[in-house]
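Structure file my_file-v1.txt (compact mmCIF, C-alpha atoms) is printed below.
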```txt
# COMPACT_ATOMS: atom_id res chain seq x y z
CA MET A 1 32.98 103.11 63.11
CA SER A 2 36.63 103.32 62.39
CA ARG A 3 36.42 107.12 62.27
CA PHE A 4 35.58 107.24 66.04
CA LYS A 5 38.54 105.10 67.01
CA GLN A 6 40.91 107.39 65.17
CA PRO A 7 42.33 109.39 68.17
CA SER A 8 43.09 106.35 70.37
CA ASP A 9 44.88 104.00 67.97
CA HIS A 10 47.81 106.34 67.42
CA VAL A 11 49.39 107.63 70.62
CA ASN A 12 51.90 110.43 70.14
CA MET A 13 55.20 109.11 71.56
CA THR A 14 57.39 112.06 70.59
CA PRO A 15 57.22 114.11 73.87
CA MET A 16 58.04 111.02 75.95
CA ILE A 17 61.02 110.13 73.76
CA ASP A 18 62.24 113.74 74.02
CA VAL A 19 62.09 113.59 77.82
CA VAL A 20 63.82 110.20 77.97
CA PHE A 21 66.65 111.42 75.72
CA GLN A 22 67.06 114.52 77.88
CA MET A 23 67.40 112.25 80.94
CA ILE A 24 69.95 110.00 79.21
CA ILE A 25 72.06 113.04 78.27
CA PHE A 26 71.77 114.41 81.83
CA PHE A 27 73.01 111.16 83.42
CA VAL A 28 75.83 110.72 80.91
CA CYS A 29 77.07 114.24 81.64
CA THR A 30 76.89 113.92 85.43
CA VAL A 31 78.77 110.59 85.43
CA GLN A 32 81.57 112.20 83.43
CA LEU A 33 81.80 115.11 85.88
CA GLU A 34 82.18 112.79 88.84
CA LYS A 35 85.14 111.02 87.22
CA GLU A 36 87.01 114.26 86.59
CA ALA A 37 88.37 114.55 90.13
CA ILE A 38 91.08 111.86 89.84
CA SER A 39 93.90 111.53 87.39
CA GLU A 40 93.86 108.55 85.03
CA PHE A 41 97.63 108.65 84.49
CA ILE A 42 98.45 107.11 87.87
CA MET A 43 99.20 103.40 87.73
CA LEU A 44 98.31 102.15 91.18
CA PRO A 45 100.34 99.24 92.60
CA ASP A 46 98.58 95.91 93.17
CA SER A 47 97.40 94.74 96.56
CA PRO A 48 95.33 91.54 96.26
CA HIS A 49 95.03 91.08 100.04
CA GLY A 50 94.10 94.64 101.00
CA PRO A 51 90.65 95.46 102.39
CA MET A 52 88.21 96.81 99.83
CA ILE A 53 87.37 100.50 99.86
CA ALA A 54 83.88 101.05 101.25
CA GLU A 55 81.38 102.59 98.89
CA ALA A 56 80.19 105.14 101.44
CA LYS A 57 83.23 107.22 102.24
CA ASP A 58 83.67 110.04 104.70
CA PRO A 59 82.68 113.22 102.84
CA ARG A 60 85.69 115.01 104.33
CA THR A 61 88.15 112.57 102.73
CA ILE A 62 91.03 114.28 100.94
CA THR A 63 92.59 112.34 98.08
CA ILE A 64 96.18 113.30 97.36
CA GLU A 65 97.83 111.95 94.23
CA VAL A 66 101.52 111.40 93.57
CA ASP A 67 102.61 110.55 90.03
CA ASP A 68 105.67 108.57 88.94
CA ARG A 69 107.74 111.75 88.71
CA GLY A 70 106.91 112.77 92.28
CA ARG A 71 104.49 115.56 91.44
CA ILE A 72 101.65 116.15 93.89
CA PHE A 73 98.05 116.70 92.82
CA ILE A 74 94.71 117.27 94.53
CA ALA A 75 91.70 117.01 92.19
CA ARG A 76 94.05 117.10 89.17
CA THR A 77 95.55 120.39 90.29
CA ARG A 78 99.30 120.37 90.75
CA LEU A 79 100.51 121.65 94.12
CA SER A 80 103.96 122.43 95.43
CA GLU A 81 104.91 120.94 98.79
CA ALA A 82 104.57 124.33 100.51
CA LYS A 83 101.14 124.84 98.95
CA LEU A 84 100.05 121.34 100.04
CA ARG A 85 101.06 122.09 103.62
CA LYS A 86 99.14 125.37 103.49
CA VAL A 87 96.01 123.70 102.05
CA LEU A 88 96.07 120.88 104.62
CA SER A 89 96.62 123.11 107.66
CA LYS A 90 93.90 125.49 106.49
CA THR A 91 91.47 122.58 106.02
CA VAL A 92 92.28 121.24 109.49
CA ALA A 93 91.76 124.71 110.98
CA ASP A 94 88.44 125.14 109.14
CA TYR A 95 87.06 121.89 110.55
CA GLY A 96 88.18 122.84 114.09
CA ARG A 97 87.65 119.99 116.53
CA TYR A 98 86.92 117.53 113.72
CA GLY A 99 90.00 118.56 111.75
CA PRO A 100 92.60 116.00 112.86
CA SER A 101 90.30 113.05 112.07
CA ILE A 102 89.96 113.93 108.38
CA PRO A 103 90.87 110.77 106.43
CA ILE A 104 93.64 111.10 103.87
CA ARG A 105 93.90 108.79 100.88
CA ILE A 106 97.15 108.73 98.99
CA ARG A 107 96.95 107.52 95.41
CA ALA A 108 100.61 107.10 94.57
CA ASP A 109 101.95 105.63 91.35
CA GLY A 110 103.73 102.29 91.77
CA GLY A 111 106.78 103.77 90.11
CA ALA A 112 107.04 106.74 92.48
CA GLN A 113 110.00 106.88 94.85
CA HIS A 114 109.36 106.70 98.56
CA ALA A 115 111.01 110.11 98.99
CA SER A 116 108.18 111.81 97.09
CA VAL A 117 105.51 109.90 99.03
CA LYS A 118 107.33 110.89 102.22
CA ARG A 119 106.88 114.59 101.38
CA VAL A 120 103.09 114.04 101.34
CA LEU A 121 103.20 111.96 104.55
CA ASP A 122 105.26 114.66 106.30
CA ALA A 123 102.88 117.39 105.14
CA CYS A 124 99.94 115.38 106.56
CA THR A 125 101.58 114.71 109.91
CA SER A 126 102.72 118.30 110.35
CA ALA A 127 99.11 119.41 109.72
CA GLY A 128 98.08 116.99 112.49
CA LEU A 129 96.37 114.48 110.22
CA HIS A 130 96.90 110.87 111.25
CA LYS A 131 94.26 108.82 109.40
CA ILE A 132 96.34 108.03 106.36
CA SER A 133 95.81 105.21 103.92
CA PHE A 134 97.29 104.23 100.58
CA VAL A 135 95.12 103.28 97.64
CA ALA A 136 96.05 100.20 95.61
CA THR A 137 94.33 98.05 93.02
CA LYS A 138 92.76 94.96 94.53
CA ASP A 139 91.27 93.50 91.39
CA ARG A 140 92.22 94.73 87.97
CA ALA A 141 89.25 94.77 85.56
CA MET B 142 59.17 104.03 64.37
CA THR B 143 62.05 102.51 62.37
CA PRO B 144 64.38 105.56 62.40
CA MET B 145 64.01 105.88 66.15
CA ILE B 146 64.82 102.21 66.72
CA ASP B 147 67.87 102.64 64.48
CA VAL B 148 69.07 105.55 66.60
CA VAL B 149 68.40 103.74 69.86
CA PHE B 150 70.34 100.69 68.65
CA GLN B 151 73.23 102.93 67.64
CA LEU B 152 73.23 104.43 71.14
CA LEU B 153 73.04 100.98 72.71
CA ILE B 154 76.02 99.76 70.68
CA TYR B 155 77.95 102.94 71.55
CA PHE B 156 77.43 102.45 75.29
CA LEU B 157 78.25 98.73 75.11
CA VAL B 158 81.53 99.46 73.33
CA THR B 159 82.59 102.32 75.62
CA PHE B 160 81.66 100.50 78.83
CA THR B 161 84.62 99.50 81.01
CA THR B 162 84.33 97.89 84.41
CA PRO B 163 86.12 99.99 87.03
CA ASP B 164 89.05 98.48 88.97
CA VAL B 165 88.30 97.33 92.51
CA LEU B 166 90.44 99.41 94.86
CA ALA B 167 91.91 98.52 98.24
CA HIS B 168 92.90 100.84 101.07
CA LEU B 169 95.98 100.14 103.19
CA ASP B 170 95.87 102.08 106.45
CA ILE B 171 99.08 103.07 108.21
CA SER B 172 100.05 105.11 111.20
CA ARG B 173 102.75 107.68 111.07
CA PRO B 174 104.90 108.90 113.97
CA ALA B 175 104.62 112.56 114.92
CA PRO B 176 107.42 114.67 113.38
CA ASP B 177 109.16 115.33 116.72
CA ALA B 178 109.11 111.69 117.92
CA SER B 179 112.55 110.78 116.63
CA GLN B 180 113.33 108.45 119.54
CA THR B 181 111.30 105.49 118.26
CA GLU B 182 114.41 103.60 117.18
CA GLN B 183 115.96 103.49 120.70
CA ARG B 184 112.90 102.36 122.63
CA THR B 185 111.67 99.62 120.34
CA PRO B 186 110.30 96.76 122.44
CA PRO B 187 111.44 93.28 121.35
CA LYS B 188 107.87 92.32 120.36
CA MET B 189 108.04 94.70 117.42
CA ILE B 190 108.63 93.34 113.92
CA ARG B 191 111.00 95.59 112.03
CA VAL B 192 110.85 95.54 108.24
CA ASN B 193 113.26 97.69 106.28
CA ILE B 194 112.77 98.52 102.63
CA TYR B 195 115.82 99.44 100.59
CA GLU B 196 116.21 100.40 96.94
CA ASP B 197 116.94 96.78 96.01
CA GLY B 198 115.28 94.59 98.62
CA PHE B 199 113.80 93.95 102.05
CA SER B 200 115.18 93.09 105.44
CA LEU B 201 113.34 91.63 108.43
CA ASN B 202 114.71 92.28 111.91
CA GLY B 203 118.10 93.08 110.40
CA ARG B 204 118.34 90.06 108.09
CA ALA B 205 118.05 90.40 104.32
CA VAL B 206 115.09 88.47 102.93
CA SER B 207 113.37 88.05 99.58
CA LYS B 208 109.74 89.01 99.10
CA ALA B 209 108.60 85.36 99.25
CA GLU B 210 110.58 84.76 102.45
CA LEU B 211 109.19 87.95 103.98
CA GLU B 212 105.66 86.80 103.23
CA ARG B 213 106.27 83.36 104.70
CA ILE B 214 107.92 84.65 107.89
CA LEU B 215 105.34 87.40 108.46
CA ASN B 216 102.53 84.88 108.02
CA ARG B 217 104.17 82.63 110.62
CA LEU B 218 104.75 85.53 113.04
CA ALA B 219 101.13 86.61 112.59
CA GLY B 220 100.12 83.09 113.63
CA PHE B 221 101.34 83.83 117.17
CA SER B 222 99.64 87.17 117.49
CA THR B 223 98.19 89.68 115.04
CA SER B 224 98.41 92.53 117.57
CA GLN B 225 102.15 92.92 117.10
CA THR B 226 103.37 96.24 115.79
CA VAL B 227 105.16 96.20 112.45
CA LEU B 228 107.62 99.05 112.05
CA ILE B 229 108.28 99.59 108.36
CA THR B 230 111.27 101.78 107.57
CA CYS B 231 111.63 102.93 103.97
CA ALA B 232 114.74 104.29 102.32
CA GLY B 233 114.07 107.46 100.34
CA GLY B 234 115.05 105.88 97.05
CA SER B 235 112.93 102.75 97.43
CA GLY B 236 109.93 102.40 95.17
CA HIS B 237 106.41 103.04 96.42
CA SER B 238 105.31 99.70 94.97
CA MET B 239 107.69 97.91 97.39
CA LEU B 240 106.03 99.65 100.36
CA VAL B 241 102.62 98.63 99.02
CA ASP B 242 103.93 95.04 98.61
CA VAL B 243 104.87 94.96 102.31
CA LEU B 244 101.58 96.57 103.38
CA ASP B 245 99.74 94.01 101.26
CA ILE B 246 101.61 91.10 102.85
CA CYS B 247 100.76 92.50 106.30
CA ALA B 248 97.11 92.92 105.32
CA GLY B 249 97.07 89.33 104.06
CA ALA B 250 98.64 88.08 107.30
CA GLY B 251 96.14 90.04 109.40
CA LEU B 252 98.70 92.36 110.96
CA ASN B 253 97.04 95.74 111.29
CA LYS B 254 99.29 97.79 113.57
CA LEU B 255 101.52 99.20 110.88
CA SER B 256 103.83 102.11 111.41
CA VAL B 257 105.67 103.62 108.46
CA VAL B 258 108.88 105.54 109.07
CA SER B 259 111.07 107.16 106.43
CA ALA B 260 114.84 106.94 106.61
CA GLU B 261 116.95 109.68 105.14
```
Could you render the structure from this file as structure tokens?
Amino acid sequence: MSRFKQPSDHVNMTPMIDVVFQMIIFFVCTVQLEKEAISEFIMLPDSPHGPMIAEAKDPRTITIEVDDRGRIFIARTRLSEAKLRKVLSKTVADYGRYGPSIPIRIRADGGAQHASVKRVLDACTSAGLHKISFVATKDRA
Amino acid sequence: MTPMIDVVFQLLIYFLVTFTTPDVLAHLDISRPAPDASQTEQRTPPKMIRVNIYEDGFSLNGRAVSKAELERILNRLAGFSTSQTVLITCAGGSGHSMLVDVLDICAGAGLNKLSVVSAE
């Protein structure tokens, strides 16, 4: 009797565990890749009253970072002021009619001087971009 | 089964230890005058609130104020009308955190017409 039940009382779990582990590794890797785009060395200033950033952002949004020494980065790549102007005006030209409404987010370090933030603001306005906002920390975890 | 459960528990502990909650971020929207509009200073209507940011402090409509005073006065002014324009002028050497402080006070008071100008 027990010989007939043999195949069903021991289910082989190994292929399922393999697949689940593959999925875990896939999700861990993709989460890491998404984080890569912003620098972790920028200490954002606090703004407890500011409106919270919406989860669904405009896909055109350009995030420009300014560190405490006034250096400018986009996606962790350092840019000179001239290069930033070139990149912004080319992006605006590529989007044509929808170019000037591209939202700009400036992640500037709290210790940065206004003069270095001003260089980014001037580059944005000379490219015709006017939807500018600063990023700050609302609630520190 | 035991080795697998051991491994899974190790993974679970690893993820629990490395997990950090992300900071909640705020966005502070501003408007910026066009580069050629340098005449804003002359034609400022009296309804406008002018906040200046220097290297070492703030001034409101030409009078030096502390951060607490600025917050109190802006909250009172916002009580009359939140559609007033706030013209924020920053000195080049002032810290970015001071500008964010002012923008935060304005956001808290409900003032949303913010214009940021840079002084040389």
Please provide as a list in words all residues within 9 Å of Leu169 (chain B), with the sequence filter that same-chain residues fewer than 2 positions apart are discarded (counting only C-alpha atoms).
->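 Non-adjacent residues within range: Ser47, Gly50, Pro51, Ile132, Ser133, Phe134, Val135 and Ala136 of chain A; Ala167, Ile171, Val241, Leu244, Asp245 and Ala248 of chain B.
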For the contact check between chain A and chain B, emit one row per residue of chain A within 7 Å, containing the shortest atom pair and the distance in Å rounded to one decimal, counting only C-alpha atoms, chain then rising number order, as JSON lines.
```
{"residue": "A:Pro45", "atom": "CA", "partner": "B:Ser238", "partner_atom": "CA", "distance": 5.5}
{"residue": "A:Ser47", "atom": "CA", "partner": "B:Asp245", "partner_atom": "CA", "distance": 5.3}
{"residue": "A:His49", "atom": "CA", "partner": "B:Gly249", "partner_atom": "CA", "distance": 4.8}
{"residue": "A:Gly50", "atom": "CA", "partner": "B:Ala167", "partner_atom": "CA", "distance": 5.2}
{"residue": "A:Pro51", "atom": "CA", "partner": "B:Ala167", "partner_atom": "CA", "distance": 5.3}
{"residue": "A:Met52", "atom": "CA", "partner": "B:Ala167", "partner_atom": "CA", "distance": 4.4}
{"residue": "A:Ile53", "atom": "CA", "partner": "B:Ala167", "partner_atom": "CA", "distance": 5.2}
{"residue": "A:Gly110", "atom": "CA", "partner": "B:Ser238", "partner_atom": "CA", "distance": 4.4}
{"residue": "A:Gly111", "atom": "CA", "partner": "B:Gly236", "partner_atom": "CA", "distance": 6.1}
{"residue": "A:Ala112", "atom": "CA", "partner": "B:His237", "partner_atom": "CA", "distance": 5.4}
{"residue": "A:Gln113", "atom": "CA", "partner": "B:Gly236", "partner_atom": "CA", "distance": 4.5}
{"residue": "A:His114", "atom": "CA", "partner": "B:Gly233", "partner_atom": "CA", "distance": 5.1}
{"residue": "A:Ala115", "atom": "CA", "partner": "B:Gly233", "partner_atom": "CA", "distance": 4.3}
{"residue": "A:Lys118", "atom": "CA", "partner": "B:Ser259", "partner_atom": "CA", "distance": 6.8}
{"residue": "A:Thr125", "atom": "CA", "partner": "B:Ala175", "partner_atom": "CA", "distance": 6.2}
{"residue": "A:Ser126", "atom": "CA", "partner": "B:Pro176", "partner_atom": "CA", "distance": 6.7}
{"residue": "A:His130", "atom": "CA", "partner": "B:Ser172", "partner_atom": "CA", "distance": 6.6}
{"residue": "A:Ile132", "atom": "CA", "partner": "B:Ile171", "partner_atom": "CA", "distance": 6.0}
{"residue": "A:Ser133", "atom": "CA", "partner": "B:Asp170", "partner_atom": "CA", "distance": 4.0}
{"residue": "A:Phe134", "atom": "CA", "partner": "B:Leu169", "partner_atom": "CA", "distance": 5.0}
{"residue": "A:Val135", "atom": "CA", "partner": "B:His168", "partner_atom": "CA", "distance": 4.8}
{"residue": "A:Ala136", "atom": "CA", "partner": "B:Ala167", "partner_atom": "CA", "distance": 5.2}
{"residue": "A:Thr137", "atom": "CA", "partner": "B:Leu166", "partner_atom": "CA", "distance": 4.5}
{"residue": "A:Lys138", "atom": "CA", "partner": "B:Leu166", "partner_atom": "CA", "distance": 5.0}
{"residue": "A:Asp139", "atom": "CA", "partner": "B:Val165", "partner_atom": "CA", "distance": 5.0}
{"residue": "A:Arg140", "atom": "CA", "partner": "B:Asp164", "partner_atom": "CA", "distance": 5.0}
{"residue": "A:Ala141", "atom": "CA", "partner": "B:Asp164", "partner_atom": "CA", "distance": 5.0}
```
What is the distance, in Å and to one decimal place, between CA of Ile104 (chain A) and CA of Ser116 (chain A)?
-> 16.1 Å
Considering all atoms listed in the file, state which residue in the set A:Arg105, A:Arg69, A:His10, A:Arg97 is at the smallest distance from Ile42 (chain A).
->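 Closest to Ile42 (chain A), using all atoms listed in the file: A:Arg69.
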Counting all atoms listed in the file, what is within 10 Å of Ile214 (chain B), bar same-chain residues fewer than 6 positions away, as a ChimeraX atom specification?
-> /B:201,206,208,220,250
Work out where the centre of an axis-aligned box around every listed atom of region 84-102 of chain A lies and how long its edges are once 6 Å is added on each side; give both in Å to one decimal as AutoDock Vina command-line options.
```
--center_x 94.0 --center_y 119.3 --center_z 108.3 --size_x 26.1 --size_y 24.4 --size_z 28.5
```
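Across the structure, CA of Arg213 (chain B) and CA of Ser256 (chain B) are spaced 20.1 Å apart.
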At a cut-off of 10 Å around the point (75.0, 106.6, 76.1) (file coordinates), what residues fall inside when counting all atoms listed in the file? I'd like the answer as a PDB file with C-alpha atoms, in the coordinates of the input.
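And here's out36.pdb as it stands now:
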```pdb
ATOM      1  CA  PHE A  21      66.650 111.420  75.720  1.00  0.00           C
ATOM      2  CA  ILE A  24      69.950 110.000  79.210  1.00  0.00           C
ATOM      3  CA  ILE A  25      72.060 113.040  78.270  1.00  0.00           C
ATOM      4  CA  PHE A  27      73.010 111.160  83.420  1.00  0.00           C
ATOM      5  CA  VAL A  28      75.830 110.720  80.910  1.00  0.00           C
ATOM      6  CA  CYS A  29      77.070 114.240  81.640  1.00  0.00           C
TER       7      CYS A  29
ATOM      8  CA  VAL B 149      68.400 103.740  69.860  1.00  0.00           C
ATOM      9  CA  GLN B 151      73.230 102.930  67.640  1.00  0.00           C
ATOM     10  CA  LEU B 152      73.230 104.430  71.140  1.00  0.00           C
ATOM     11  CA  LEU B 153      73.040 100.980  72.710  1.00  0.00           C
ATOM     12  CA  ILE B 154      76.020  99.760  70.680  1.00  0.00           C
ATOM     13  CA  TYR B 155      77.950 102.940  71.550  1.00  0.00           C
ATOM     14  CA  PHE B 156      77.430 102.450  75.290  1.00  0.00           C
ATOM     15  CA  LEU B 157      78.250  98.730  75.110  1.00  0.00           C
ATOM     16  CA  THR B 159      82.590 102.320  75.620  1.00  0.00           C
ATOM     17  CA  PHE B 160      81.660 100.500  78.830  1.00  0.00           C
TER      18      PHE B 160
END
```
What is the CA of Glu65 (chain A) to CA of Leu252 (chain B) distance in Å?
-> 25.8 Å
Which protein, DNA or RNA residues are at most 10 Å from (113.3, 88.5, 98.2) in the file's coordinates when you count all atoms listed in the file, listed as a list in words?
-> Asp197, Gly198, Phe199, Ser200, Ala205, Val206, Ser207, Lys208, Ala209, Glu210, Leu211 and Glu212 of chain B
Expected file contents, prior selection, C-alpha atoms, as an mmCIF file, keeping the file's coordinate frame:
```
data_model
loop_
_atom_site.group_PDB
_atom_site.id
_atom_site.type_symbol
_atom_site.label_atom_id
_atom_site.label_comp_id
_atom_site.auth_asym_id
_atom_site.auth_seq_id
_atom_site.Cartn_x
_atom_site.Cartn_y
_atom_site.Cartn_z
ATOM 1 C CA ASP B 197 116.940 96.780 96.010
ATOM 2 C CA GLY B 198 115.280 94.590 98.620
ATOM 3 C CA PHE B 199 113.800 93.950 102.050
ATOM 4 C CA SER B 200 115.180 93.090 105.440
ATOM 5 C CA ALA B 205 118.050 90.400 104.320
ATOM 6 C CA VAL B 206 115.090 88.470 102.930
ATOM 7 C CA SER B 207 113.370 88.050 99.580
ATOM 8 C CA LYS B 208 109.740 89.010 99.100
ATOM 9 C CA ALA B 209 108.600 85.360 99.250
ATOM 10 C CA GLU B 210 110.580 84.760 102.450
ATOM 11 C CA LEU B 211 109.190 87.950 103.980
ATOM 12 C CA GLU B 212 105.660 86.800 103.230
#
```
Long-range neighbours of Lys254 (chain B) as a PyMOL selection string, 7 Å cut-off, only C-alpha atoms, 6 positions minimum in chain = chain B and resi 224-227
Spatial neighbours of Val66 (chain A), max dist 7 Å, only C-alpha atoms, sep filter under 2 positions, as a ChimeraX atom specification = /A:64,68,70-73,107-109,117
Residue with smallest distance to Thr230 (chain B) - pool B:Asn253, B:Arg191, B:Arg204, B:Leu218, counting only C-alpha atoms |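 So, comparing all the options, the nearest one is B:Arg191.
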Rebuild region 37-61 of chain A to N, CA and C atoms - output it as a PDB file, in the frame of the given file, please.
```pdb
ATOM      1  N   ALA A  37      87.571 114.153  88.977  1.00  0.00           N
ATOM      2  CA  ALA A  37      88.370 114.550  90.130  1.00  0.00           C
ATOM      3  C   ALA A  37      89.679 113.784  90.274  1.00  0.00           C
ATOM      4  N   ILE A  38      89.827 112.597  89.676  1.00  0.00           N
ATOM      5  CA  ILE A  38      91.080 111.860  89.840  1.00  0.00           C
ATOM      6  C   ILE A  38      91.781 111.706  88.508  1.00  0.00           C
ATOM      7  N   SER A  39      93.091 111.634  88.590  1.00  0.00           N
ATOM      8  CA  SER A  39      93.900 111.530  87.390  1.00  0.00           C
ATOM      9  C   SER A  39      93.926 110.098  86.894  1.00  0.00           C
ATOM     10  N   GLU A  40      93.840 109.908  85.576  1.00  0.00           N
ATOM     11  CA  GLU A  40      93.860 108.550  85.030  1.00  0.00           C
ATOM     12  C   GLU A  40      95.283 108.126  84.660  1.00  0.00           C
ATOM     13  N   PHE A  41      96.264 108.983  84.881  1.00  0.00           N
ATOM     14  CA  PHE A  41      97.630 108.650  84.490  1.00  0.00           C
ATOM     15  C   PHE A  41      98.391 107.932  85.606  1.00  0.00           C
ATOM     16  N   ILE A  42      97.754 107.742  86.750  1.00  0.00           N
ATOM     17  CA  ILE A  42      98.450 107.110  87.870  1.00  0.00           C
ATOM     18  C   ILE A  42      98.204 105.608  87.837  1.00  0.00           C
ATOM     19  N   MET A  43      99.295 104.852  87.744  1.00  0.00           N
ATOM     20  CA  MET A  43      99.200 103.400  87.730  1.00  0.00           C
ATOM     21  C   MET A  43      99.357 102.915  89.168  1.00  0.00           C
ATOM     22  N   LEU A  44      98.255 102.555  89.779  1.00  0.00           N
ATOM     23  CA  LEU A  44      98.310 102.150  91.180  1.00  0.00           C
ATOM     24  C   LEU A  44      98.980 100.788  91.306  1.00  0.00           C
ATOM     25  N   PRO A  45      99.760 100.572  92.376  1.00  0.00           N
ATOM     26  CA  PRO A  45     100.340  99.240  92.600  1.00  0.00           C
ATOM     27  C   PRO A  45      99.254  98.242  92.997  1.00  0.00           C
ATOM     28  N   ASP A  46      99.561  96.955  92.863  1.00  0.00           N
ATOM     29  CA  ASP A  46      98.580  95.910  93.170  1.00  0.00           C
ATOM     30  C   ASP A  46      98.631  95.502  94.630  1.00  0.00           C
ATOM     31  N   SER A  47      97.483  95.246  95.195  1.00  0.00           N
ATOM     32  CA  SER A  47      97.400  94.740  96.560  1.00  0.00           C
ATOM     33  C   SER A  47      96.234  93.765  96.644  1.00  0.00           C
ATOM     34  N   PRO A  48      96.460  92.494  96.271  1.00  0.00           N
ATOM     35  CA  PRO A  48      95.330  91.540  96.260  1.00  0.00           C
ATOM     36  C   PRO A  48      94.749  91.229  97.633  1.00  0.00           C
ATOM     37  N   HIS A  49      95.539  91.433  98.715  1.00  0.00           N
ATOM     38  CA  HIS A  49      95.030  91.080 100.040  1.00  0.00           C
ATOM     39  C   HIS A  49      94.388  92.248 100.784  1.00  0.00           C
ATOM     40  N   GLY A  50      94.562  93.457 100.269  1.00  0.00           N
ATOM     41  CA  GLY A  50      94.100  94.640 101.000  1.00  0.00           C
ATOM     42  C   GLY A  50      92.597  94.683 101.152  1.00  0.00           C
ATOM     43  N   PRO A  51      92.101  95.332 102.220  1.00  0.00           N
ATOM     44  CA  PRO A  51      90.650  95.460 102.390  1.00  0.00           C
ATOM     45  C   PRO A  51      90.052  96.384 101.342  1.00  0.00           C
ATOM     46  N   MET A  52      88.852  96.053 100.896  1.00  0.00           N
ATOM     47  CA  MET A  52      88.210  96.810  99.830  1.00  0.00           C
ATOM     48  C   MET A  52      87.744  98.171 100.352  1.00  0.00           C
ATOM     49  N   ILE A  53      87.825  99.166  99.488  1.00  0.00           N
ATOM     50  CA  ILE A  53      87.370 100.500  99.860  1.00  0.00           C
ATOM     51  C   ILE A  53      85.849 100.499  99.945  1.00  0.00           C
ATOM     52  N   ALA A  54      85.330 101.021 101.068  1.00  0.00           N
ATOM     53  CA  ALA A  54      83.880 101.050 101.250  1.00  0.00           C
ATOM     54  C   ALA A  54      83.256 102.044 100.287  1.00  0.00           C
ATOM     55  N   GLU A  55      82.059 101.726  99.857  1.00  0.00           N
ATOM     56  CA  GLU A  55      81.380 102.590  98.890  1.00  0.00           C
ATOM     57  C   GLU A  55      81.041 103.943  99.514  1.00  0.00           C
ATOM     58  N   ALA A  56      80.546 103.904 100.754  1.00  0.00           N
ATOM     59  CA  ALA A  56      80.190 105.140 101.440  1.00  0.00           C
ATOM     60  C   ALA A  56      81.410 105.675 102.164  1.00  0.00           C
ATOM     61  N   LYS A  57      82.030 106.695 101.608  1.00  0.00           N
ATOM     62  CA  LYS A  57      83.230 107.220 102.240  1.00  0.00           C
ATOM     63  C   LYS A  57      82.900 108.481 103.026  1.00  0.00           C
ATOM     64  N   ASP A  58      83.789 108.812 103.926  1.00  0.00           N
ATOM     65  CA  ASP A  58      83.670 110.040 104.700  1.00  0.00           C
ATOM     66  C   ASP A  58      83.688 111.229 103.737  1.00  0.00           C
ATOM     67  N   PRO A  59      82.681 112.109 103.804  1.00  0.00           N
ATOM     68  CA  PRO A  59      82.680 113.220 102.840  1.00  0.00           C
ATOM     69  C   PRO A  59      83.863 114.179 102.999  1.00  0.00           C
ATOM     70  N   ARG A  60      84.547 114.112 104.139  1.00  0.00           N
ATOM     71  CA  ARG A  60      85.690 115.010 104.330  1.00  0.00           C
ATOM     72  C   ARG A  60      86.963 114.489 103.677  1.00  0.00           C
ATOM     73  N   THR A  61      86.940 113.208 103.251  1.00  0.00           N
ATOM     74  CA  THR A  61      88.150 112.570 102.730  1.00  0.00           C
ATOM     75  C   THR A  61      88.889 113.434 101.710  1.00  0.00           C
TER      76      THR A  61
END
```
